[in-house]
file input.tsv (TSV, C-alpha atoms)
chain	number	residue	atom	x	y	z
A	1	MET	CA	20.19	-16.85	34.15
A	2	SER	CA	18.15	-14.95	36.70
A	3	ASN	CA	14.52	-15.90	37.28
A	4	ALA	CA	13.62	-12.28	36.54
A	5	PHE	CA	14.39	-12.86	32.83
A	6	LYS	CA	12.61	-16.19	32.47
A	7	LEU	CA	9.01	-16.08	31.28
A	8	ASN	CA	6.70	-18.90	32.15
A	9	TYR	CA	4.31	-19.03	29.20
A	10	SER	CA	2.18	-21.64	30.88
A	11	GLN	CA	0.64	-19.03	33.14
A	12	PRO	CA	-2.82	-18.18	31.80
A	13	LYS	CA	-2.60	-14.45	32.60
A	14	ILE	CA	0.60	-13.96	30.62
A	15	MET	CA	-0.76	-15.93	27.68
A	16	ALA	CA	-3.97	-13.90	27.70
A	17	VAL	CA	-2.03	-10.62	27.74
A	18	LEU	CA	0.26	-11.72	24.90
A	19	LEU	CA	-2.68	-12.94	22.85
A	20	GLY	CA	-4.55	-9.70	23.49
A	21	LEU	CA	-1.58	-7.59	22.43
A	22	GLY	CA	-1.20	-9.61	19.24
A	23	LEU	CA	-4.89	-9.18	18.43
A	24	LEU	CA	-4.75	-5.46	19.17
A	25	LEU	CA	-1.75	-5.00	16.86
A	26	THR	CA	-3.49	-6.94	14.09
A	27	VAL	CA	-6.66	-4.87	14.38
A	28	PHE	CA	-4.69	-1.60	14.51
A	29	SER	CA	-2.66	-2.47	11.42
A	30	SER	CA	-5.86	-3.37	9.54
A	31	VAL	CA	-7.43	-0.03	10.45
A	32	VAL	CA	-4.34	1.85	9.28
A	33	SER	CA	-4.29	-0.10	6.00
A	34	ALA	CA	-8.00	0.45	5.41
A	35	ALA	CA	-7.56	4.20	5.87
A	36	GLU	CA	-5.06	4.23	2.99
A	37	LEU	CA	-7.44	2.35	0.72
A	38	ASP	CA	-10.15	4.99	0.49
A	39	ALA	CA	-11.17	5.24	-3.17
A	40	LYS	CA	-12.71	8.69	-2.67
A	41	VAL	CA	-9.43	10.05	-1.34
A	42	ALA	CA	-7.56	8.41	-4.22
A	43	TRP	CA	-9.86	10.08	-6.77
A	44	GLN	CA	-9.50	13.46	-5.03
A	45	LYS	CA	-5.74	13.15	-5.38
A	46	ILE	CA	-6.03	12.00	-9.01
A	47	ASP	CA	-8.42	14.85	-9.84
A	48	SER	CA	-5.89	17.24	-8.28
A	49	GLY	CA	-3.17	16.05	-10.65
A	50	ALA	CA	-1.56	13.08	-8.92
A	51	LEU	CA	0.48	10.73	-11.07
A	52	ILE	CA	-1.50	7.48	-11.42
A	53	VAL	CA	0.61	4.32	-11.36
A	54	ASP	CA	-0.82	0.87	-12.01
A	55	VAL	CA	1.64	-1.56	-10.40
A	56	ARG	CA	0.14	-4.73	-11.91
A	57	THR	CA	1.72	-6.77	-14.68
A	58	PRO	CA	1.67	-5.44	-18.26
A	59	GLU	CA	-0.85	-8.19	-19.11
A	60	GLU	CA	-3.23	-7.06	-16.36
A	61	PHE	CA	-2.75	-3.42	-17.39
A	62	ALA	CA	-3.64	-4.30	-21.01
A	63	GLN	CA	-6.94	-5.81	-19.83
A	64	GLY	CA	-8.03	-2.45	-18.40
A	65	HIS	CA	-6.64	0.42	-16.37
A	66	LEU	CA	-7.54	3.85	-15.06
A	67	PRO	CA	-7.47	6.71	-17.56
A	68	ASN	CA	-4.03	8.37	-17.73
A	69	ALA	CA	-2.41	5.65	-15.63
A	70	ILE	CA	1.10	4.49	-16.38
A	71	ASN	CA	2.14	0.90	-15.85
A	72	ILE	CA	5.13	0.14	-13.66
A	73	PRO	CA	5.11	-3.36	-12.11
A	74	TYR	CA	5.63	-3.01	-8.37
A	75	GLN	CA	8.96	-4.86	-8.41
A	76	GLN	CA	10.39	-2.17	-10.70
A	77	ILE	CA	8.87	0.91	-9.05
A	78	ASN	CA	11.97	2.39	-7.39
A	79	GLN	CA	14.17	1.89	-10.44
A	80	ALA	CA	11.55	3.34	-12.81
A	81	PHE	CA	10.90	6.39	-10.61
A	82	SER	CA	14.62	7.04	-10.42
A	83	GLN	CA	15.14	6.60	-14.18
A	84	GLN	CA	12.18	8.86	-14.98
A	85	GLN	CA	13.42	11.41	-12.42
A	86	ILE	CA	10.04	11.67	-10.71
A	87	ALA	CA	10.27	14.29	-7.99
A	88	LYS	CA	10.22	12.92	-4.45
A	89	ASP	CA	7.46	15.38	-3.52
A	90	ARG	CA	5.23	14.54	-6.52
A	91	SER	CA	1.73	13.42	-5.58
A	92	VAL	CA	1.35	9.77	-6.63
A	93	VAL	CA	-1.52	7.28	-6.40
A	94	VAL	CA	-0.57	3.62	-6.81
A	95	TYR	CA	-3.10	0.84	-7.36
A	96	CYS	CA	-3.25	-2.83	-8.33
A	97	ARG	CA	-5.90	-5.56	-8.30
A	98	SER	CA	-6.57	-5.73	-4.57
A	99	GLY	CA	-4.32	-3.20	-2.84
A	100	ASN	CA	-1.61	-5.66	-1.80
A	101	ARG	CA	0.97	-4.95	-4.49
A	102	SER	CA	0.20	-1.24	-4.38
A	103	GLY	CA	0.79	-1.39	-0.62
A	104	ILE	CA	4.21	-2.89	-1.25
A	105	ALA	CA	4.96	-0.25	-3.90
A	106	ASP	CA	3.77	2.49	-1.52
A	107	LYS	CA	6.19	1.33	1.18
A	108	MET	CA	9.05	0.91	-1.30
A	109	LEU	CA	8.60	4.47	-2.52
A	110	GLU	CA	8.27	5.85	1.00
A	111	ASN	CA	11.48	4.05	1.98
A	112	ALA	CA	13.15	5.67	-1.07
A	113	GLY	CA	12.12	9.14	0.18
A	114	TYR	CA	8.90	9.81	-1.75
A	115	THR	CA	6.63	11.82	0.53
A	116	LYS	CA	3.25	12.01	-1.24
A	117	VAL	CA	2.44	8.42	-2.21
A	118	TYR	CA	-1.08	7.09	-1.64
A	119	ASN	CA	-2.19	3.46	-1.88
A	120	GLY	CA	-5.41	3.72	-3.89
A	121	GLY	CA	-6.16	0.02	-3.47
A	122	GLY	CA	-7.82	-2.10	-6.11
A	123	TYR	CA	-8.66	-1.26	-9.71
A	124	GLN	CA	-12.29	-2.48	-9.55
A	125	THR	CA	-12.99	-0.52	-6.37
A	126	LEU	CA	-11.57	2.62	-7.92
A	127	MET	CA	-13.64	2.12	-11.08
A	128	LEU	CA	-16.83	1.61	-9.07
A	129	GLU	CA	-16.18	4.73	-7.03
A	130	LYS	CA	-15.75	6.88	-10.14
A	131	GLN	CA	-19.08	5.80	-11.69
call {"tool": "encode", "arguments": {"input": "input.tsv", "output": "structure tokens"}}
result
Amino acid sequence: MSNAFKLNYSQPKIMAVLLGLGLLLTVFSSVVSAAELDAKVAWQKIDSGALIVDVRTPEEFAQGHLPNAINIPYQQINQAFSQQQIAKDRSVVVYCRSGNRSGIADKMLENAGYTKVYNGGGYQTLMLEKQ
């Protein structure tokens, strides 16, 4: 193999550049995720008629949920949307306990062709914002 294709990771400059790129990507992905988790934006969409989907377990949903929310556990989201024939351009806000499962559901729906899905984040944060 040519020396042009061999990287020597022991060189401090290369390690610093790689570490810097990794840190930059991590920070950028956190900023993008945080932008999707704006409770005010979620409530604006809900107040405008968005379908509200709680992607937690039925047990968590039974302990409290947003008014008018339907419960579809995140693992079942694509199948349920298909069965219920929810339009791919329907405005949808998904939420869970912390925003992690709703983030997964958001991506699953986007990958299935849904174009107006918003990760509303966590239930408690949404409830606090509405008060």
call {"tool": "closest_residue", "arguments": {"input": "input.tsv", "among": "A:His65, A:Met108, A:Gly103, A:Asp89", "to": "Gln124 (chain A)", "atoms": "all atoms listed in the file"}}
result
A:His65
call {"tool": "residues_around", "arguments": {"input": "input.tsv", "residues": "Glu129 (chain A)", "least_positions_apart": "3", "cutoff": "12 Å", "atoms": "all atoms listed in the file", "output": "list in words"}}
result
Leu37, Asp38, Ala39, Lys40, Val41, Ala42, Trp43, Gln44, Leu66, Gly120, Gly121, Gly122, Tyr123, Gln124, Thr125 and Leu126 of chain A
call {"tool": "write_last_selection", "arguments": {"input": "input.tsv", "atoms": "C-alpha atoms", "output": "PDB file, keeping the file's coordinate frame"}}
result
ATOM      1  CA  LEU A  37      -7.440   2.350   0.720  1.00  0.00           C
ATOM      2  CA  ASP A  38     -10.150   4.990   0.490  1.00  0.00           C
ATOM      3  CA  ALA A  39     -11.170   5.240  -3.170  1.00  0.00           C
ATOM      4  CA  LYS A  40     -12.710   8.690  -2.670  1.00  0.00           C
ATOM      5  CA  VAL A  41      -9.430  10.050  -1.340  1.00  0.00           C
ATOM      6  CA  ALA A  42      -7.560   8.410  -4.220  1.00  0.00           C
ATOM      7  CA  TRP A  43      -9.860  10.080  -6.770  1.00  0.00           C
ATOM      8  CA  GLN A  44      -9.500  13.460  -5.030  1.00  0.00           C
ATOM      9  CA  LEU A  66      -7.540   3.850 -15.060  1.00  0.00           C
ATOM     10  CA  GLY A 120      -5.410   3.720  -3.890  1.00  0.00           C
ATOM     11  CA  GLY A 121      -6.160   0.020  -3.470  1.00  0.00           C
ATOM     12  CA  GLY A 122      -7.820  -2.100  -6.110  1.00  0.00           C
ATOM     13  CA  TYR A 123      -8.660  -1.260  -9.710  1.00  0.00           C
ATOM     14  CA  GLN A 124     -12.290  -2.480  -9.550  1.00  0.00           C
ATOM     15  CA  THR A 125     -12.990  -0.520  -6.370  1.00  0.00           C
ATOM     16  CA  LEU A 126     -11.570   2.620  -7.920  1.00  0.00           C
TER      17      LEU A 126
END
call {"tool": "residues_around", "arguments": {"input": "input.tsv", "residues": "Ile104 (chain A)", "least_positions_apart": "5", "cutoff": "10 Å", "atoms": "only C-alpha atoms", "output": "PyMOL selection string"}}
result
chain A and resi 55+74-75+77+94+99+109-110+119
call {"tool": "residues_around", "arguments": {"input": "input.tsv", "residues": "Ile72 (chain A)", "least_positions_apart": "4", "cutoff": "12 Å", "atoms": "all atoms listed in the file", "output": "ChimeraX atom specification"}}
result
/A:51-61,76-81,83-84,94-96,101-102,105
call {"tool": "write_last_selection", "arguments": {"input": "input.tsv", "atoms": "C-alpha atoms", "output": "compact mmCIF listing (two decimals), in the frame of the given file"}}
result
# COMPACT_ATOMS: atom_id res chain seq x y z
CA LEU A 51 0.48 10.73 -11.07
CA ILE A 52 -1.50 7.48 -11.42
CA VAL A 53 0.61 4.32 -11.36
CA ASP A 54 -0.82 0.87 -12.01
CA VAL A 55 1.64 -1.56 -10.40
CA ARG A 56 0.14 -4.73 -11.91
CA THR A 57 1.72 -6.77 -14.68
CA PRO A 58 1.67 -5.44 -18.26
CA GLU A 59 -0.85 -8.19 -19.11
CA GLU A 60 -3.23 -7.06 -16.36
CA PHE A 61 -2.75 -3.42 -17.39
CA GLN A 76 10.39 -2.17 -10.70
CA ILE A 77 8.87 0.91 -9.05
CA ASN A 78 11.97 2.39 -7.39
CA GLN A 79 14.17 1.89 -10.44
CA ALA A 80 11.55 3.34 -12.81
CA PHE A 81 10.90 6.39 -10.61
CA GLN A 83 15.14 6.60 -14.18
CA GLN A 84 12.18 8.86 -14.98
CA VAL A 94 -0.57 3.62 -6.81
CA TYR A 95 -3.10 0.84 -7.36
CA CYS A 96 -3.25 -2.83 -8.33
CA ARG A 101 0.97 -4.95 -4.49
CA SER A 102 0.20 -1.24 -4.38
CA ALA A 105 4.96 -0.25 -3.90
call {"tool": "closest_atom_pairs", "arguments": {"input": "input.tsv", "of": "region 61-99 of chain A", "to": "region 112-118 of chain A", "cutoff": "6 Å", "atoms": "all atoms listed in the file", "output": "tab-separated table"}}
result
residue	atom	partner	partner_atom	distance
A:Lys88	CA	A:Tyr114	CA	4.3
A:Asp89	CA	A:Thr115	CA	5.5
A:Ser91	CA	A:Lys116	CA	4.8
A:Val92	CA	A:Val117	CA	4.7
A:Val93	CA	A:Tyr118	CA	4.8
call {"tool": "atom_distance", "arguments": {"input": "input.tsv", "atom1": "CA of Gly64 (chain A)", "atom2": "CA of Ser48 (chain A)"}}
result
22.2 Å
